[in-house]
>>> print(open('protein-v4.tsv').read())   # TSV, C-alpha atoms
chain	number	residue	atom	x	y	z
X	1	MET	CA	-35.44	-36.35	4.35
X	2	HIS	CA	-36.66	-36.94	0.79
X	3	LEU	CA	-34.07	-38.20	-1.69
X	4	HIS	CA	-34.75	-35.28	-4.03
X	5	THR	CA	-33.50	-32.90	-1.34
X	6	PHE	CA	-30.00	-33.93	-2.44
X	7	THR	CA	-30.63	-33.95	-6.18
X	8	LYS	CA	-32.68	-30.86	-6.92
X	9	THR	CA	-30.14	-29.17	-9.22
X	10	PRO	CA	-28.28	-31.07	-11.95
X	11	THR	CA	-24.86	-29.99	-13.16
X	12	ILE	CA	-24.88	-28.30	-16.57
X	13	PRO	CA	-21.91	-28.75	-18.92
X	14	VAL	CA	-20.35	-25.48	-20.04
X	15	GLU	CA	-21.00	-24.80	-23.72
X	16	VAL	CA	-18.25	-23.27	-25.85
X	17	THR	CA	-19.83	-20.17	-27.34
X	18	GLU	CA	-19.34	-16.44	-27.74
X	19	ARG	CA	-20.30	-14.82	-24.46
X	20	SER	CA	-19.25	-12.25	-21.90
X	21	LEU	CA	-16.98	-13.22	-19.01
X	22	SER	CA	-19.78	-12.67	-16.50
X	23	ASP	CA	-22.00	-15.01	-18.52
X	24	LEU	CA	-19.23	-17.60	-18.35
X	25	THR	CA	-18.92	-17.32	-14.56
X	26	ASP	CA	-22.72	-17.60	-14.31
X	27	ALA	CA	-22.54	-20.84	-16.29
X	28	MET	CA	-19.72	-22.11	-14.08
X	29	GLN	CA	-22.08	-22.00	-11.07
X	30	TYR	CA	-23.53	-25.28	-12.33
X	31	THR	CA	-20.20	-27.07	-12.69
X	32	GLY	CA	-18.07	-28.52	-9.89
X	33	PHE	CA	-14.91	-28.12	-7.84
X	34	GLN	CA	-13.02	-24.82	-7.81
X	35	GLY	CA	-14.62	-23.63	-11.04
X	36	ARG	CA	-17.96	-23.49	-9.25
X	37	LYS	CA	-16.36	-21.86	-6.21
X	38	LEU	CA	-14.82	-19.16	-8.41
X	39	ALA	CA	-18.26	-18.46	-9.90
X	40	GLU	CA	-19.85	-18.40	-6.44
X	41	SER	CA	-17.26	-15.85	-5.30
X	42	VAL	CA	-18.27	-13.52	-8.15
X	43	LYS	CA	-21.93	-13.79	-7.12
X	44	ALA	CA	-21.14	-13.24	-3.43
X	45	TRP	CA	-19.01	-10.18	-4.20
X	46	GLU	CA	-21.75	-8.77	-6.47
X	47	ASN	CA	-24.35	-9.24	-3.72
X	48	MET	CA	-22.05	-7.70	-1.13
X	49	PHE	CA	-21.44	-4.70	-3.41
X	50	LYS	CA	-25.17	-4.17	-4.04
X	51	GLU	CA	-26.38	-4.55	-0.45
X	52	ASP	CA	-26.71	-1.17	1.26
X	53	GLY	CA	-24.75	-0.64	4.43
X	54	VAL	CA	-21.98	-3.19	3.83
X	55	THR	CA	-18.37	-2.06	4.32
X	56	ILE	CA	-16.04	-4.23	2.21
X	57	PHE	CA	-12.54	-4.97	3.51
X	58	MET	CA	-9.83	-6.54	1.34
X	59	GLY	CA	-6.75	-8.31	2.69
X	60	LEU	CA	-3.89	-8.41	0.18
X	61	SER	CA	-0.89	-10.69	0.67
X	62	GLY	CA	1.56	-12.38	-1.67
X	63	ALA	CA	3.60	-10.62	-4.35
X	64	MET	CA	0.53	-9.44	-6.25
X	65	VAL	CA	1.96	-6.14	-7.53
X	66	PRO	CA	5.15	-7.64	-9.02
X	67	ALA	CA	2.93	-10.33	-10.58
X	68	GLY	CA	0.93	-7.70	-12.50
X	69	MET	CA	-2.21	-7.36	-10.34
X	70	ARG	CA	-1.63	-3.67	-9.53
X	71	ASN	CA	-4.18	-2.18	-11.92
X	72	ILE	CA	-6.80	-4.67	-10.77
X	73	ILE	CA	-6.49	-3.49	-7.16
X	74	THR	CA	-6.58	0.10	-8.42
X	75	TYR	CA	-9.81	-0.68	-10.30
X	76	LEU	CA	-11.38	-2.20	-7.18
X	77	ILE	CA	-10.55	0.97	-5.23
X	78	GLU	CA	-11.69	3.46	-7.88
X	79	ASN	CA	-14.97	1.62	-8.45
X	80	ARG	CA	-15.52	1.07	-4.73
X	81	LEU	CA	-15.72	-2.68	-4.95
X	82	ILE	CA	-13.65	-2.42	-1.76
X	83	ASP	CA	-13.85	0.23	0.97
X	84	CYS	CA	-10.67	-0.54	2.91
X	85	LEU	CA	-7.41	-2.26	1.94
X	86	VAL	CA	-5.19	-4.12	4.40
X	87	SER	CA	-1.95	-5.06	2.69
X	88	THR	CA	1.52	-6.35	3.26
X	89	GLY	CA	4.08	-3.57	3.14
X	90	ALA	CA	5.74	-5.28	0.19
X	91	ASN	CA	2.76	-4.85	-2.13
X	92	ILE	CA	2.48	-1.14	-1.35
X	93	PHE	CA	6.24	-0.70	-1.71
X	94	HIS	CA	6.18	-2.34	-5.15
X	95	ASP	CA	3.23	-0.13	-6.08
X	96	CYS	CA	5.21	2.98	-5.08
X	97	HIS	CA	8.15	1.62	-7.08
X	98	GLU	CA	6.09	1.38	-10.27
X	99	ALA	CA	4.33	4.69	-9.59
X	100	LEU	CA	7.76	6.33	-9.64
X	101	GLY	CA	8.33	4.99	-13.17
X	102	LEU	CA	10.36	1.89	-12.27
X	103	LYS	CA	9.56	-1.60	-13.48
X	104	HIS	CA	9.30	-5.30	-12.77
X	105	TYR	CA	10.28	-7.58	-15.65
X	106	VAL	CA	9.11	-10.85	-17.15
X	107	GLY	CA	11.76	-13.38	-16.12
X	108	SER	CA	12.05	-17.12	-15.57
X	109	HIS	CA	11.78	-19.39	-12.53
X	110	ILE	CA	14.64	-21.53	-13.84
X	111	ALA	CA	17.16	-18.69	-14.10
X	112	ASP	CA	20.65	-19.05	-12.58
X	113	ASP	CA	20.26	-17.12	-9.33
X	114	CYS	CA	24.02	-16.77	-8.82
X	115	GLU	CA	24.23	-15.15	-12.24
X	116	LEU	CA	21.29	-12.88	-11.42
X	117	LEU	CA	23.06	-11.81	-8.23
X	118	GLY	CA	26.12	-10.87	-10.26
X	119	HIS	CA	23.97	-8.64	-12.45
X	120	GLY	CA	22.17	-7.03	-9.50
X	121	ILE	CA	18.82	-8.61	-10.37
X	122	ASP	CA	16.33	-9.83	-7.74
X	123	ARG	CA	13.97	-12.73	-8.58
X	124	ILE	CA	10.37	-13.16	-7.40
X	125	TYR	CA	9.63	-16.61	-8.87
X	126	ASP	CA	9.48	-15.67	-12.59
X	127	VAL	CA	9.57	-11.87	-12.17
X	128	PHE	CA	12.82	-9.87	-12.16
X	129	ALA	CA	13.72	-6.43	-10.79
X	130	TYR	CA	16.89	-4.40	-10.28
X	131	GLU	CA	18.15	-4.29	-6.69
X	132	GLU	CA	19.65	-0.82	-7.25
X	133	GLU	CA	16.27	0.51	-8.35
X	134	PHE	CA	14.64	-1.00	-5.26
X	135	ARG	CA	17.21	0.81	-3.14
X	136	ASN	CA	16.40	4.06	-4.90
X	137	THR	CA	12.78	3.59	-3.84
X	138	ASP	CA	13.95	2.79	-0.30
X	139	HIS	CA	15.69	6.17	-0.26
X	140	PHE	CA	12.61	7.87	-1.69
X	141	VAL	CA	10.65	6.59	1.32
X	142	ALA	CA	13.47	7.68	3.64
X	143	ASP	CA	13.53	11.19	2.17
X	144	PHE	CA	9.75	11.41	2.51
X	145	ALA	CA	9.99	10.30	6.15
X	146	LYS	CA	12.45	13.10	6.89
X	147	LYS	CA	9.68	15.63	6.21
X	148	HIS	CA	7.62	14.08	9.00
X	149	ALA	CA	10.37	13.40	11.54
X	150	GLY	CA	9.35	13.49	15.17
X	151	LYS	CA	5.69	12.69	14.43
X	152	THR	CA	3.59	9.64	15.14
X	153	TYR	CA	1.08	8.17	12.69
X	154	SER	CA	-1.00	5.08	12.23
X	155	SER	CA	0.01	3.23	9.07
X	156	ARG	CA	-3.26	4.51	7.53
X	157	GLU	CA	-2.28	8.12	8.17
X	158	PHE	CA	1.27	7.57	6.93
X	159	ILE	CA	0.19	5.82	3.70
X	160	HIS	CA	-2.39	8.56	3.06
X	161	LEU	CA	0.39	11.16	3.23
X	162	LEU	CA	2.68	9.01	1.06
X	163	GLY	CA	-0.13	8.65	-1.48
X	164	LYS	CA	-0.46	12.43	-1.62
X	165	GLU	CA	3.30	12.77	-2.16
X	166	ILE	CA	3.35	10.21	-4.98
X	167	SER	CA	0.25	11.73	-6.60
X	168	GLU	CA	2.26	14.92	-7.02
X	169	LYS	CA	5.46	13.25	-8.24
X	170	GLY	CA	4.64	9.93	-9.84
X	171	ASN	CA	2.36	7.90	-12.04
X	172	LYS	CA	-1.31	8.51	-11.24
X	173	ASN	CA	-2.24	4.90	-12.08
X	174	SER	CA	-1.39	3.52	-8.67
X	175	ILE	CA	-2.96	1.71	-5.72
X	176	ILE	CA	-1.67	4.21	-3.20
X	177	VAL	CA	-2.62	7.24	-5.32
X	178	SER	CA	-6.10	5.89	-6.08
X	179	ALA	CA	-6.68	5.20	-2.39
X	180	TYR	CA	-5.60	8.77	-1.54
X	181	LYS	CA	-7.90	10.31	-4.16
X	182	HIS	CA	-10.91	8.11	-3.39
X	183	ASN	CA	-10.60	8.25	0.41
X	184	VAL	CA	-10.06	4.50	0.77
X	185	PRO	CA	-7.95	3.76	3.86
X	186	ILE	CA	-4.93	1.48	3.52
X	187	PHE	CA	-3.61	-0.25	6.63
X	188	ILE	CA	-0.24	-2.04	6.74
X	189	PRO	CA	-0.20	-3.84	10.10
X	190	ALA	CA	3.31	-5.30	9.54
X	191	LEU	CA	4.78	-2.23	7.88
X	192	SER	CA	8.26	-2.81	9.32
X	193	ASP	CA	8.39	-6.16	7.51
X	194	SER	CA	8.90	-4.54	4.09
X	195	SER	CA	11.08	-2.17	2.14
X	196	ILE	CA	8.94	0.68	3.48
X	197	GLY	CA	10.26	-0.36	6.88
X	198	ILE	CA	13.77	-0.33	5.41
X	199	GLY	CA	13.23	3.24	4.18
X	200	LEU	CA	12.05	4.34	7.62
X	201	THR	CA	15.10	2.66	9.17
X	202	ILE	CA	17.39	4.61	6.80
X	203	ALA	CA	15.70	7.81	7.93
X	204	ARG	CA	16.06	6.86	11.60
X	205	ARG	CA	19.77	6.01	11.23
X	206	ASN	CA	20.24	9.50	9.76
X	207	GLY	CA	18.54	11.17	12.72
X	208	TYR	CA	15.03	11.52	11.26
X	209	ASN	CA	12.78	9.29	13.34
X	210	ILE	CA	9.12	8.78	12.44
X	211	ASN	CA	6.94	6.55	14.58
X	212	ILE	CA	4.28	4.24	13.14
X	213	ASP	CA	1.77	3.38	15.85
X	214	GLN	CA	0.57	-0.12	14.94
X	215	ILE	CA	-1.74	-0.31	17.97
X	216	LYS	CA	-3.50	2.77	16.62
X	217	ASP	CA	-4.01	0.71	13.45
X	218	VAL	CA	-5.88	-1.92	15.46
X	219	ASP	CA	-8.05	0.75	17.04
X	220	GLU	CA	-8.82	2.62	13.81
X	221	ILE	CA	-9.84	-0.38	11.72
X	222	THR	CA	-11.92	-1.73	14.61
X	223	GLN	CA	-13.69	1.64	14.77
X	224	MET	CA	-14.64	1.12	11.11
X	225	VAL	CA	-16.27	-2.20	11.98
X	226	GLU	CA	-18.02	-0.70	15.02
X	227	ALA	CA	-19.45	2.12	12.89
X	228	SER	CA	-20.60	-0.20	10.07
X	229	GLU	CA	-24.02	-1.79	9.84
X	230	LYS	CA	-22.54	-4.87	8.15
X	231	THR	CA	-19.09	-5.93	6.98
X	232	GLY	CA	-17.74	-8.18	4.27
X	233	VAL	CA	-14.22	-9.44	3.65
X	234	VAL	CA	-12.24	-10.48	0.57
X	235	TYR	CA	-8.87	-12.13	1.19
X	236	VAL	CA	-6.17	-12.58	-1.42
X	237	GLY	CA	-3.98	-15.16	0.29
X	238	GLY	CA	-3.93	-14.98	4.07
X	239	GLY	CA	-1.22	-14.08	6.54
X	240	VAL	CA	-1.17	-10.87	8.57
X	241	PRO	CA	-3.74	-8.96	6.44
X	242	LYS	CA	-6.31	-11.73	6.91
X	243	ASN	CA	-5.90	-11.99	10.67
X	244	PHE	CA	-5.76	-8.21	11.10
X	245	ILE	CA	-9.21	-7.90	9.53
X	246	GLN	CA	-10.57	-11.02	11.24
X	247	GLN	CA	-9.65	-9.83	14.71
X	248	THR	CA	-11.63	-6.60	14.40
X	249	GLU	CA	-14.76	-8.55	15.34
X	250	VAL	CA	-13.09	-9.88	18.49
X	251	VAL	CA	-11.74	-6.46	19.51
X	252	ALA	CA	-15.12	-4.79	18.92
X	253	SER	CA	-16.80	-7.45	21.07
X	254	ILE	CA	-14.28	-7.01	23.89
X	255	MET	CA	-14.90	-3.25	23.77
X	256	GLY	CA	-18.59	-3.85	24.42
X	257	HIS	CA	-20.06	-3.60	20.90
X	258	GLU	CA	-22.64	-6.09	19.72
X	259	VAL	CA	-21.13	-7.66	16.62
X	260	ALA	CA	-22.05	-10.91	14.92
X	261	GLY	CA	-18.99	-11.43	12.73
X	262	HIS	CA	-18.37	-10.49	9.10
X	263	GLU	CA	-21.51	-11.18	7.02
X	264	TYR	CA	-19.73	-11.94	3.74
X	265	ALA	CA	-16.42	-13.80	3.43
X	266	ILE	CA	-14.47	-14.60	0.25
X	267	GLN	CA	-10.92	-15.95	-0.01
X	268	TYR	CA	-8.60	-16.88	-2.85
X	269	THR	CA	-5.80	-19.06	-1.52
X	270	THR	CA	-3.46	-21.89	-2.44
X	271	ASP	CA	-3.07	-22.99	1.18
X	272	ALA	CA	-4.85	-25.96	2.73
X	273	PRO	CA	-6.55	-26.03	6.16
X	274	HIS	CA	-5.05	-29.27	7.44
X	275	TRP	CA	-1.63	-27.70	8.14
X	276	GLY	CA	-3.22	-25.48	10.81
X	277	GLY	CA	-2.10	-22.15	9.33
X	278	LEU	CA	-4.35	-19.11	9.04
X	279	SER	CA	-3.86	-18.72	5.29
X	280	GLY	CA	-5.64	-22.02	4.66
X	281	CYS	CA	-7.97	-21.81	7.65
X	282	THR	CA	-11.62	-22.24	6.69
X	283	PHE	CA	-14.27	-19.64	7.38
X	284	ASP	CA	-16.17	-22.32	9.31
X	285	GLU	CA	-13.27	-22.39	11.78
X	286	ALA	CA	-13.44	-18.59	12.03
X	287	VAL	CA	-17.10	-18.89	13.07
X	288	SER	CA	-15.92	-20.57	16.29
X	289	TRP	CA	-13.99	-17.39	17.14
X	290	GLY	CA	-16.90	-15.08	16.35
X	291	LYS	CA	-14.91	-13.57	13.50
X	292	ILE	CA	-17.32	-14.72	10.78
X	293	SER	CA	-21.09	-14.67	11.21
X	294	LYS	CA	-22.87	-18.01	11.56
X	295	GLU	CA	-25.19	-16.88	8.75
X	296	ALA	CA	-22.44	-15.42	6.54
X	297	LYS	CA	-22.17	-16.19	2.85
X	298	LYS	CA	-18.77	-17.94	2.84
X	299	VAL	CA	-16.84	-18.78	-0.33
X	300	GLN	CA	-13.29	-20.12	-0.23
X	301	VAL	CA	-11.62	-20.69	-3.60
X	302	PHE	CA	-8.43	-22.74	-3.68
X	303	VAL	CA	-6.75	-21.08	-6.63
X	304	ASP	CA	-3.74	-18.97	-7.60
X	305	ALA	CA	-4.89	-15.37	-7.12
X	306	THR	CA	-3.14	-14.30	-10.33
X	307	ILE	CA	-5.65	-16.54	-12.14
X	308	ALA	CA	-8.69	-15.63	-10.04
X	309	LEU	CA	-8.37	-11.85	-9.78
X	310	PRO	CA	-8.39	-11.02	-13.53
X	311	ILE	CA	-11.40	-13.30	-14.15
X	312	VAL	CA	-13.38	-12.20	-11.10
X	313	THR	CA	-12.73	-8.49	-11.59
X	314	HIS	CA	-13.68	-8.53	-15.27
X	315	ALA	CA	-16.90	-10.38	-14.42
X	316	LEU	CA	-17.67	-7.86	-11.67
X	317	ASN	CA	-16.99	-5.01	-14.07
X	318	GLU	CA	-19.78	-6.33	-16.28
X	319	LYS	CA	-22.17	-7.13	-13.42
X	320	THR	CA	-21.84	-3.82	-11.55
X	321	LYS	CA	-21.47	-1.34	-14.43
X	322	GLY	CA	-23.87	1.56	-13.99
X	323	TYR	CA	-24.96	0.49	-10.50
X	324	LYS	CA	-25.20	3.42	-8.08
X	325	ARG	CA	-23.82	2.16	-4.79
X	326	LYS	CA	-24.08	3.97	-1.48
X	327	ILE	CA	-20.42	3.91	-0.53
X	328	PRO	CA	-19.31	4.06	3.10
X	329	CYS	CA	-16.79	6.82	3.85
X	330	PHE	CA	-14.95	7.18	7.15
X	331	GLU	CA	-13.38	10.13	8.93
X	332	TRP	CA	-11.47	9.84	12.20
X	333	ASN	CA	-11.74	12.21	15.13
X	334	GLY	CA	-10.80	11.94	18.77
X	335	ASP	CA	-13.89	9.87	19.55
X	336	GLY	CA	-13.53	7.28	16.80
X	337	ALA	CA	-14.48	6.78	13.17
X	338	GLU	CA	-17.45	8.68	11.76
X	339	LEU	CA	-19.36	7.02	8.91
X	340	HIS	CA	-21.28	8.73	6.15
X	341	PHE	CA	-22.46	7.52	2.76
X	342	GLU	CA	-21.91	8.90	-0.72
X	343	THR	CA	-23.34	7.69	-4.02
X	344	HIS	CA	-20.77	6.34	-6.43
>>> encode(input="protein-v4.tsv", output="structure tokens")
Amino acid sequence: MHLHTFTKTPTIPVEVTERSLSDLTDAMQYTGFQGRKLAESVKAWENMFKEDGVTIFMGLSGAMVPAGMRNIITYLIENRLIDCLVSTGANIFHDCHEALGLKHYVGSHIADDCELLGHGIDRIYDVFAYEEEFRNTDHFVADFAKKHAGKTYSSREFIHLLGKEISEKGNKNSIIVSAYKHNVPIFIPALSDSSIGIGLTIARRNGYNINIDQIKDVDEITQMVEASEKTGVVYVGGGVPKNFIQQTEVVASIMGHEVAGHEYAIQYTTDAPHWGGLSGCTFDEAVSWGKISKEAKKVQVFVDATIALPIVTHALNEKTKGYKRKIPCFEWNGDGAELHFETH
């Protein structure tokens, strides 16, 4: 191999000048370390967005909504930079909380937690919230569940109905409301592990039982993959949302569908692979499972998502503005998910 094979492209120092954010991320592609990876993630997401036939899944973990990322996720939904959201129950609960007019507050990570407890204030690192207000939202979920007692839903179906309810009663600038209005499915595969689960437990204790069929979740999201020509994934953190999306390729294969793994893969994480956990697991490792395609464009950025998401989304806003994407839309019937395309 010729020496110049390794030295074809020199690094280019970033100049300090007036420029757009997307121009800055373009320039960062010729730097090093995680700055370059952040820039590569913008380019990969842009390419994924502009390639016809790609269904984009996002996995959302961590306390992103309390940390102020709510409107960014809403933007991604409304502008169809994602086609399906898989989230922790906590993020969707906190979104409902804010949609109902309640708040999270700028706090401090060095506060006296015993004093906060005495004032009824919960701490999420440097974000505060009132426990009593959280409980009010728990009861809102419980009261909503009473209207659907005795029925069984996938988490997608349940969150769709909850989004409709909040769209009629709450703030329209919301993840769950935007997903309802733009027909973007939201799955919560560990819904019981959240305050939404607490609300459903309150309803059950009061004689109003509603069943969330989490196995139906597995089937429905796998049907989306089976119906799609290609798939791409964007993970904020890891955990259950990441694995839930990853395993769709395995389930589809077991069910007899020819799948090659997700063709695009982006992750923003602070976890490292050498501890063996999924949140830091590399996409190369996922190739061994058949979850990620051998030819996939893979970009893993080791960064705090509250830093990455605002930068990446603003850059994508500039790069995709005015682009008419064929957006995949899914409807479920007794035989599986039906896919059709609309122009955004």
>>> residues_around(input="protein-v4.tsv", residues="X:Asn183", least_positions_apart="5", cutoff="9 Å", atoms="all atoms listed in the file", output="list in words")
Asp83, His160, Ser178, Cys329 and Phe330 of chain X
>>> atom_distance(input="protein-v4.tsv", atom1="atom CA of X:Asn209", atom2="atom CA of X:Asn333")
24.8 Å
>>> closest_residue(input="protein-v4.tsv", among="X:Ala190, X:Ala145, X:Leu102, X:Ala252", to="X:Ser228", atoms="all atoms listed in the file")
X:Ala252
>>> closest_residue(input="protein-v4.tsv", among="X:Gly101, X:Gly150, X:Gly334, X:Pro185", to="X:Met58", atoms="all atoms listed in the file")
X:Pro185
>>> atom_distance(input="protein-v4.tsv", atom1="atom CA of X:Ile73", atom2="atom CA of X:Thr269")
16.6 Å
>>> closest_residue(input="protein-v4.tsv", among="X:Val250, X:Phe283, X:Phe93, X:Gly59", to="X:Ser192", atoms="only C-alpha atoms")
X:Phe93
>>> closest_residue(input="protein-v4.tsv", among="X:Val236, X:Ala27, X:Leu85, X:Ala305", to="X:Lys43", atoms="all atoms listed in the file")
X:Ala27
>>> closest_residue(input="protein-v4.tsv", among="X:Ile202, X:Val312, X:Val86, X:Cys96", to="X:Lys164", atoms="all atoms listed in the file")
X:Cys96
>>> residues_around(input="protein-v4.tsv", residues="stretch 272-278 of chain X", least_positions_apart="2", cutoff="12 Å", atoms="all atoms listed in the file", output="VMD selection string")
chain X and resid 235 237 to 244 246 267 to 270 280 to 286 300 to 303
>>> closest_residue(input="protein-v4.tsv", among="X:Arg19, X:Lys50, X:Arg156, X:Lys324", to="X:Glu220", atoms="only C-alpha atoms")
X:Arg156
>>> residues_around(input="protein-v4.tsv", residues="X:Thr231", least_positions_apart="5", cutoff="8 Å", atoms="all atoms listed in the file", output="PyMOL selection string")
chain X and resi 54-57+225+261-264
>>> atom_distance(input="protein-v4.tsv", atom1="atom CA of X:Leu21", atom2="atom CA of X:Ala315")
5.4 Å
>>> residues_around(input="protein-v4.tsv", residues="stretch 5-10 of chain X", least_positions_apart="6", cutoff="12 Å", atoms="only C-alpha atoms", output="list in words")
Gln29, Tyr30, Thr31 and Gly32 of chain X
>>> residues_around(input="protein-v4.tsv", residues="X:Met255", least_positions_apart="6", cutoff="10 Å", atoms="only C-alpha atoms", output="PyMOL selection string")
chain X and resi 222+226+249
>>> decode(input="protein-v4.tsv", residues="stretch 53-61 of chain X", atoms="all heavy atoms", output="PDB file, in the first residue's frame")
ATOM      1  N   GLY X  53     -36.623   6.483   0.724  1.00  0.00           N
ATOM      2  CA  GLY X  53     -36.902   5.136   1.198  1.00  0.00           C
ATOM      3  C   GLY X  53     -36.319   4.777   2.543  1.00  0.00           C
ATOM      4  O   GLY X  53     -36.452   3.632   2.980  1.00  0.00           O
ATOM      5  N   VAL X  54     -35.683   5.734   3.221  1.00  0.00           N
ATOM      6  CA  VAL X  54     -35.086   5.449   4.527  1.00  0.00           C
ATOM      7  C   VAL X  54     -36.051   5.854   5.642  1.00  0.00           C
ATOM      8  O   VAL X  54     -36.509   6.998   5.688  1.00  0.00           O
ATOM      9  CB  VAL X  54     -33.746   6.186   4.720  1.00  0.00           C
ATOM     10  CG1 VAL X  54     -33.169   5.897   6.111  1.00  0.00           C
ATOM     11  CG2 VAL X  54     -32.749   5.780   3.650  1.00  0.00           C
ATOM     12  N   THR X  55     -36.371   4.927   6.522  1.00  0.00           N
ATOM     13  CA  THR X  55     -37.150   5.222   7.726  1.00  0.00           C
ATOM     14  C   THR X  55     -36.170   5.485   8.861  1.00  0.00           C
ATOM     15  O   THR X  55     -35.299   4.657   9.145  1.00  0.00           O
ATOM     16  CB  THR X  55     -38.072   4.047   8.091  1.00  0.00           C
ATOM     17  OG1 THR X  55     -38.940   3.761   6.984  1.00  0.00           O
ATOM     18  CG2 THR X  55     -38.919   4.383   9.319  1.00  0.00           C
ATOM     19  N   ILE X  56     -36.327   6.637   9.528  1.00  0.00           N
ATOM     20  CA  ILE X  56     -35.379   7.065  10.558  1.00  0.00           C
ATOM     21  C   ILE X  56     -35.986   6.849  11.946  1.00  0.00           C
ATOM     22  O   ILE X  56     -37.031   7.430  12.271  1.00  0.00           O
ATOM     23  CB  ILE X  56     -34.995   8.541  10.380  1.00  0.00           C
ATOM     24  CG1 ILE X  56     -34.459   8.796   8.962  1.00  0.00           C
ATOM     25  CG2 ILE X  56     -33.955   8.953  11.430  1.00  0.00           C
ATOM     26  CD1 ILE X  56     -34.231  10.265   8.647  1.00  0.00           C
ATOM     27  N   PHE X  57     -35.310   6.039  12.747  1.00  0.00           N
ATOM     28  CA  PHE X  57     -35.737   5.772  14.117  1.00  0.00           C
ATOM     29  C   PHE X  57     -34.830   6.538  15.081  1.00  0.00           C
ATOM     30  O   PHE X  57     -33.611   6.561  14.902  1.00  0.00           O
ATOM     31  CB  PHE X  57     -35.629   4.275  14.433  1.00  0.00           C
ATOM     32  CG  PHE X  57     -36.557   3.400  13.641  1.00  0.00           C
ATOM     33  CD1 PHE X  57     -36.215   2.972  12.364  1.00  0.00           C
ATOM     34  CD2 PHE X  57     -37.762   2.981  14.181  1.00  0.00           C
ATOM     35  CE1 PHE X  57     -37.055   2.151  11.628  1.00  0.00           C
ATOM     36  CE2 PHE X  57     -38.622   2.161  13.458  1.00  0.00           C
ATOM     37  CZ  PHE X  57     -38.271   1.750  12.179  1.00  0.00           C
ATOM     38  N   MET X  58     -35.419   7.133  16.103  1.00  0.00           N
ATOM     39  CA  MET X  58     -34.623   7.772  17.163  1.00  0.00           C
ATOM     40  C   MET X  58     -34.886   7.081  18.493  1.00  0.00           C
ATOM     41  O   MET X  58     -36.051   6.841  18.872  1.00  0.00           O
ATOM     42  CB  MET X  58     -34.950   9.257  17.306  1.00  0.00           C
ATOM     43  CG  MET X  58     -34.319   9.894  18.548  1.00  0.00           C
ATOM     44  SD  MET X  58     -34.530  11.674  18.701  1.00  0.00           S
ATOM     45  CE  MET X  58     -32.985  12.224  17.930  1.00  0.00           C
ATOM     46  N   GLY X  59     -33.801   6.769  19.212  1.00  0.00           N
ATOM     47  CA  GLY X  59     -33.905   6.277  20.577  1.00  0.00           C
ATOM     48  C   GLY X  59     -33.520   7.389  21.533  1.00  0.00           C
ATOM     49  O   GLY X  59     -32.446   7.980  21.395  1.00  0.00           O
ATOM     50  N   LEU X  60     -34.390   7.682  22.493  1.00  0.00           N
ATOM     51  CA  LEU X  60     -34.188   8.823  23.391  1.00  0.00           C
ATOM     52  C   LEU X  60     -34.146   8.349  24.839  1.00  0.00           C
ATOM     53  O   LEU X  60     -35.157   7.908  25.395  1.00  0.00           O
ATOM     54  CB  LEU X  60     -35.323   9.833  23.203  1.00  0.00           C
ATOM     55  CG  LEU X  60     -35.233  11.138  23.999  1.00  0.00           C
ATOM     56  CD1 LEU X  60     -34.069  12.002  23.507  1.00  0.00           C
ATOM     57  CD2 LEU X  60     -36.548  11.920  23.901  1.00  0.00           C
ATOM     58  N   SER X  61     -32.967   8.440  25.446  1.00  0.00           N
ATOM     59  CA  SER X  61     -32.842   8.104  26.868  1.00  0.00           C
ATOM     60  C   SER X  61     -32.217   9.284  27.602  1.00  0.00           C
ATOM     61  O   SER X  61     -31.896  10.311  27.004  1.00  0.00           O
ATOM     62  CB  SER X  61     -32.000   6.829  27.045  1.00  0.00           C
ATOM     63  OG  SER X  61     -30.691   7.025  26.566  1.00  0.00           O
TER      64      SER X  61
END
